[in-house]
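S.K.: Pasting a structure below so you can have a look.
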Protein chains: 2
Amino acid sequence: MKSSLVRDNLLAVSELATPTLIIDAAAVRRNIDRLARYAAEHALGIRPHAKTHKSRFIAQMQLDAGAIGLTVAKVGEAEQMMEIADDLLMAYPAVDRARCERLAKIAQTKTMRVAVDSAAAVEALAAAARAAGSVIGVLVDIDVGLGRTGVANAEASLNLAQIIDKTNGVRLDGIMCYPGHIRVPVDHQPSPLAKVAVKLQDAIGLWAQNGLESKIISGGSTPTAYQSHLVKAYTEIRPGTYVFNDMNTVRAGYVTLDDCAARLICTVVSDAVSNQVVIDAGSKTLTSDLCIPAPESGHGYIIEYPQAKITKLSEEHGQVDVRNCERRPKVGERVTIIPNHICPCVNLQDAFWWRESDGSVSHVPVNARGRLS
Amino acid sequence: MKSSLVRDNLLAVSELATPTLIIDAAAVRRNIDRLARYAAEHALGIRPHAKTHKSRFIAQMQLDAGAIGLTVAKVGEAEQMMEIADDLLMAYPAVDRARCERLAKIAQTKTMRVAVDSAAAVEALAAAARAAGSVIGVLVDIDVGLGRTGVANAEASLNLAQIIDKTNGVRLDGIMCYPGHIRVPVDHQPSPLAKVAVKLQDAIGLWAQNGLESKIISGGSTPTAYQSHLVKAYTEIRPGTYVFNDMNTVRAGYVTLDDCAARLICTVVSDAVSNQVVIDAGSKTLTSDLCIPAPESGHGYIIEYPQAKITKLSEEHGQVDVRNCERRPKVGERVTIIPNHICPCVNLQDAFWWRESDGSVSHVPVNARGRLS
């Protein structure tokens with residue numbers, strides 16, 4: 001790991017070409033440690049979602065802090081993360097043969113699990129595993145309210161579990177849910193997670209009545225991470241964003257700006273249009289993702305100019321309304337942006353800068369980016 | 001060039017892991033040839049914007065068809081494209097020292113021009129060029145209505161031109177504008193380009209009165225490309241999207257679906273939620289960019305299911321409302337998507353597949369992606 005990092009000097013940050021992504025080491029360590037303490041207190045496993053950082057360097061820190069394994073969203077991420085983790089969950093159904101074959105290959109040497117919600121996906125995975133002489137673990141994806149993927153109810157989950165149980169090449173390991181629709185504050189009463197708990201308990205009970213064990217109950221998301229103890233059945237949670245945070249987690253009230261470890265350093269490149277400056281970060285740097293809890297807040301938060309609003313992005317330009325700022329940013333000035341949604345921003349980069357408290361910076365590769373499948 | 005392509009067999013496309021981007025060779029050649037004929041007819045230079053494809057393979061085809069040089073949006077693109085082009089325009093102001101130094105280095109061996117709208121940018125470029133012993137060509141960016149960058153009027157353009165003219169390290173080469181606000185049909189009467197023509201003529205006249213020549217007048221965008229002859233002053237145009245096209249150009253009425261060369265092959269991975277299927281293309285594949293002429297049309301067009309609507313994207317999931325479709329797509333089925341905005345989609349990939357009419361496919365690297373600055 002260390003050998004892939006390029007050690008740089010204390011002055012480097014101010015000299016870097018912009019836009020560039022800098023990760024604050026101290027904030028990352030605080031974010032990882034805080035969740036590790038919570039999970040230990042509640043005897044919950046953490047399986048961090050590597051989609052946020054796509055970096056073995058960060059994943060290794062999560063594993064060192066006690067993570068039981070890693071979550072990935074695609075096979076390309078699994079192939080990168082298997083170099084440092086023995087236990088991987090792809091929280092996503094793979095159906096096409098090419099991807100299933102790659103998963104089956106990983107399963108030859110690692111614990112590889114996949115969450116599925118259809119018999120077609122089970123058969124595709126099983127066929128690939130049988131051909132590779134491996135066994136792929138399967139979790140049944142149950143929809144707990146998001147309406148994206150997942151079988152609708154306990155009966156449907158049992159039906160799929162029974163198919164998995166009698167299919168060679170796959171192993172029934174339990175249940176996965178993703179409560180991505182829940183974004184209430186941690187202390188909100190009553191917690192919408194209570195409904196999730198009931199739905200999972202229904203399925204677990206029905207499985208048990210039919211002689212099927214659900215060893216793993218995998219839940220979690222960053223917004224619900226610190227409410228996870230309300231779902232007694234959870235054996236593990238899969239937050240991703242928590243490691244860096246972003247304006248989605250800040251504006252939802254889960255964290256403060258100080259908890260945002262990932263910041264884009266940009267340069268003001270134009271002030272030719274009145275009431276506006278242009279920064280060198282557009283949709284190819286910040287993405288077009290709006291802030292979910294505050295879509296009217298613009299395309300990110302400028303730390304030095306809290307009254308500024310990034311109103312419009314084109315690919316390489318960010319148009320910033322500065323009429324409410326105390327002073328107008330100058331052309332050539334650097335500003336620091338916390339993105340709305342950090343995961344797809346990291347995905348746009350080949351590497352990021354890792355900054356320690358002493359100011360030293362290292363270049364860290366985003367190992368799993370650019371791998372579409 | 002050819003050596004960087006991996007020749008594959010005729011059956012490969014159906015076996016590729018999804019999602020994956022396939023470029024239709026015949027459509028690209030038609031798009032390039034059509035614009036080349038138009039430009040030749042009107043004695044206009046074409047300087048294609050490489051931001052769309054970021055690929056030397058495609059850029060070489062454009063140069064072979066008569067392009068006078070290439071446009072780029074960042075230094076990292078210029079550094080990639082200088083391997084095949086001697087004449088580059090960065091249609092974007094660089095101000096930070098690190099980028100200016102890289103541009104000055106390119107200018108040691110190539111014609112490197114930059115469009116600017118501030119004295120600060122001129123001085124930053126000039127200082128870097130003087131240190132490198134090179135000269136950077138400069139175009140004055142004039143705002144013709146978009147309100148993003150560019151000086152406001154002829155007087156401001158003269159002021160900046162005079163600064164450039166007397167600054168060592170830079171060379172005054174002319175004027176750039178970007179009529180990105182104009183999206184009317186080619187035959188719209190009166191054409192809003194008439195106003196652009198007047199504004200440019202004002203500046204050119206004022207420069208001439210003050211003894212300054214504007215050798216290059218660089219305009220153009222894909223939506224206005226075939227109206228460019230209405231601006232007599234143009235010496236060159238800089239369309240980018242035209243080479244691939246996308247739903248932005250289709251729904252604006254400029255081209256048909258057949259002209260869309262870039263298509264994403266995806267797999268249906270879930271049908272667990274009623275009235276919906278989920279495809280394996282989310283915002284990390286399609287981006288969150290809406291269709292500019294039809295923001296309500298969803299996140300791309302599914303060729304096999306024209307009645308389907310991609311209603312919601314998360315990072316790796318695309319939720320598709322299929323209630324109006326004649327039949328429901330099956331889990332495991334492949335579908336073909338034309339993205340809303342192709343430029344940032346290509347930027348998400350390390351490579352794309354290039355498909356000839358005989359079905360053979362080659363792997364083409366996206367050379368300039370992942371280079372933020």
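Each chain in the structure tokens gets a letter, A, B, ..., in the order shown, and its residues are numbered from 1; ligands are numbered from 1 in order too.
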Applying 7 Å and only C-alpha atoms, which residues near B:Ser218 remain after dropping the ones on its own chain fewer than 4 positions away? List them as a ChimeraX atom specification.

M.R.: /B:175-177,234-237

S.K.: The selected residues should be written to file as a compact mmCIF listing (two decimals), in the first residue's frame (atoms: all heavy atoms).

M.R.:
# COMPACT_ATOMS: atom_id res chain seq x y z
N ILE B 175 -10.19 36.84 -31.51
CA ILE B 175 -11.38 36.89 -30.66
C ILE B 175 -12.03 35.51 -30.60
O ILE B 175 -12.10 34.80 -31.61
CB ILE B 175 -12.39 37.92 -31.22
CG1 ILE B 175 -11.83 39.35 -31.04
CG2 ILE B 175 -13.77 37.79 -30.57
CD1 ILE B 175 -12.60 40.42 -31.79
N MET B 176 -12.53 35.13 -29.42
CA MET B 176 -13.33 33.92 -29.28
C MET B 176 -14.69 34.27 -28.70
O MET B 176 -14.80 35.14 -27.83
CB MET B 176 -12.66 32.91 -28.34
CG MET B 176 -13.46 31.61 -28.24
SD MET B 176 -12.93 30.48 -26.92
CE MET B 176 -13.93 31.08 -25.55
N CYS B 177 -15.74 33.62 -29.19
CA CYS B 177 -17.03 33.71 -28.52
C CYS B 177 -17.65 32.33 -28.46
O CYS B 177 -17.27 31.43 -29.22
CB CYS B 177 -17.97 34.69 -29.25
SG CYS B 177 -18.65 34.04 -30.79
N TYR B 234 -16.61 34.92 -38.67
CA TYR B 234 -16.00 33.67 -38.20
C TYR B 234 -14.90 33.19 -39.15
O TYR B 234 -15.13 33.07 -40.35
CB TYR B 234 -17.05 32.55 -38.13
CG TYR B 234 -17.93 32.49 -36.91
CD1 TYR B 234 -19.01 31.60 -36.89
CD2 TYR B 234 -17.72 33.28 -35.79
CE1 TYR B 234 -19.85 31.49 -35.79
CE2 TYR B 234 -18.57 33.18 -34.68
CZ TYR B 234 -19.63 32.29 -34.69
OH TYR B 234 -20.47 32.18 -33.61
N THR B 235 -13.76 32.86 -38.58
CA THR B 235 -12.75 32.15 -39.38
C THR B 235 -12.75 30.66 -39.04
O THR B 235 -12.25 29.85 -39.81
CB THR B 235 -11.34 32.71 -39.10
OG1 THR B 235 -11.03 32.55 -37.70
CG2 THR B 235 -11.27 34.20 -39.45
N GLU B 236 -13.31 30.33 -37.88
CA GLU B 236 -13.34 28.93 -37.46
C GLU B 236 -14.49 28.70 -36.47
O GLU B 236 -14.98 29.65 -35.84
CB GLU B 236 -12.02 28.54 -36.78
CG GLU B 236 -11.74 29.32 -35.50
CD GLU B 236 -10.49 28.84 -34.76
OE1 GLU B 236 -9.44 28.70 -35.42
OE2 GLU B 236 -10.58 28.60 -33.54
N ILE B 237 -14.91 27.44 -36.34
CA ILE B 237 -15.93 27.06 -35.36
C ILE B 237 -15.43 25.87 -34.54
O ILE B 237 -14.55 25.14 -34.98
CB ILE B 237 -17.29 26.73 -36.03
CG1 ILE B 237 -17.11 25.65 -37.12
CG2 ILE B 237 -17.89 28.00 -36.62
CD1 ILE B 237 -18.43 25.16 -37.72

S.K.: Could you build a table of the residues in chain B lying no more than 8 Å from chain A, giving for each the nearest pair of atoms and their separation in Å rounded to one decimal place, using only C-alpha atoms, ordered by chain and ascending residue number, as a tab-separated table?

M.R.:
residue	atom	partner	partner_atom	distance
B:Glu15	CA	A:Ala98	CA	6.5
B:Leu16	CA	A:Ala98	CA	6.3
B:Ala17	CA	A:Ala98	CA	4.9
B:Thr18	CA	A:Ser373	CA	5.4
B:Pro19	CA	A:Ser373	CA	5.7
B:Thr20	CA	A:Leu372	CA	6.7
B:Ala73	CA	A:Glu316	CA	7.1
B:Pro93	CA	A:Val269	CA	6.0
B:Ala94	CA	A:Val269	CA	6.6
B:Val95	CA	A:Gly332	CA	5.5
B:Asp96	CA	A:Gly332	CA	6.2
B:Arg97	CA	A:Glu15	CA	7.4
B:Ala98	CA	A:Ala17	CA	4.9
B:Arg99	CA	A:Ala17	CA	5.6
B:Asp117	CA	A:Ala272	CA	6.5
B:Ser118	CA	A:Ser270	CA	6.7
B:Ala120	CA	A:Val331	CA	6.5
B:Ala121	CA	A:Val269	CA	7.6
B:Gly147	CA	A:Val273	CA	6.3
B:Arg148	CA	A:Gln319	CA	6.7
B:Thr149	CA	A:Ala272	CA	6.1
B:Gly150	CA	A:Ala272	CA	5.9
B:Val151	CA	A:Ala272	CA	5.4
B:Ala152	CA	A:Ala272	CA	7.0
B:Thr267	CA	A:Asp96	CA	6.9
B:Val268	CA	A:Val95	CA	7.9
B:Val269	CA	A:Pro93	CA	6.0
B:Ser270	CA	A:Thr149	CA	6.3
B:Asp271	CA	A:Thr149	CA	7.5
B:Ala272	CA	A:Val151	CA	5.3
B:Val273	CA	A:Gly147	CA	6.3
B:Val278	CA	A:Arg148	CA	7.3
B:Ser283	CA	A:Pro344	CA	7.7
B:Lys284	CA	A:Pro344	CA	6.3
B:Thr285	CA	A:Leu372	CA	7.1
B:Thr287	CA	A:Thr287	CA	7.3
B:Ser288	CA	A:Ser288	CA	5.5
B:Asp289	CA	A:Ser288	CA	6.0
B:Glu315	CA	A:Pro344	CA	7.3
B:Glu316	CA	A:Ala73	CA	7.1
B:Gln319	CA	A:Arg148	CA	6.6
B:Val331	CA	A:Ala120	CA	6.5
B:Gly332	CA	A:Val95	CA	5.5
B:Pro344	CA	A:Lys284	CA	6.3
B:Asn347	CA	A:Lys284	CA	7.7
B:Leu348	CA	A:Gly370	CA	6.1
B:Gln349	CA	A:Gly370	CA	4.9
B:Asp350	CA	A:Gly370	CA	5.1
B:Gly370	CA	A:Gln349	CA	4.9
B:Arg371	CA	A:Gln349	CA	7.0
B:Leu372	CA	A:Pro19	CA	6.1
B:Ser373	CA	A:Thr18	CA	5.4

S.K.: Which of these residues is nearest to A:Ser157, using only C-alpha atoms: A:Val114, A:Ala131, A:Ala65, A:Gly205?

M.R.: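 Of the candidates, the smallest distance to A:Ser157 is held by A:Gly205.
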
S.K.: How would you write, as a PyMOL selection string, the set of residues in stretch 113-329 of chain A that DSSP gives as strand (DSSP E)?

M.R.: chain A and resi 113-116+136-141+170-176+216-219+236-237+262-270+276-279+301-302+309-313+318-321

S.K.: Which residues are close to B:Ile58, i.e. within 9 Å by only C-alpha atoms, leaving aside same-chain residues fewer than 6 positions away? Reply as a PyMOL selection string.

M.R.: chain B and resi 28+50+243

S.K.: Mind giving me the straight-line distance from atom CA of A:Trp353 to atom CA of A:Tyr301 in Å, one decimal?

M.R.: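 Atom CA of A:Tyr301 lies 19.6 Å from atom CA of A:Trp353.
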
S.K.: Can you pull out every residue from stretch 13-237 of chain B that DSSP, working from the backbone, puts in alpha helix (DSSP H), and format the result as a PyMOL selection string?

M.R.: chain B and resi 13-15+25-41+56-64+75-81+97-106+119-132+154-165+193-209

S.K.: Give me the residues near A:Val196 as a ChimeraX atom specification, where near means some atom within 8 Å (using only C-alpha atoms) and where sequence neighbours in that chain fewer than 3 positions away do not count.

M.R.: /A:144,179,192-193,199-200,231
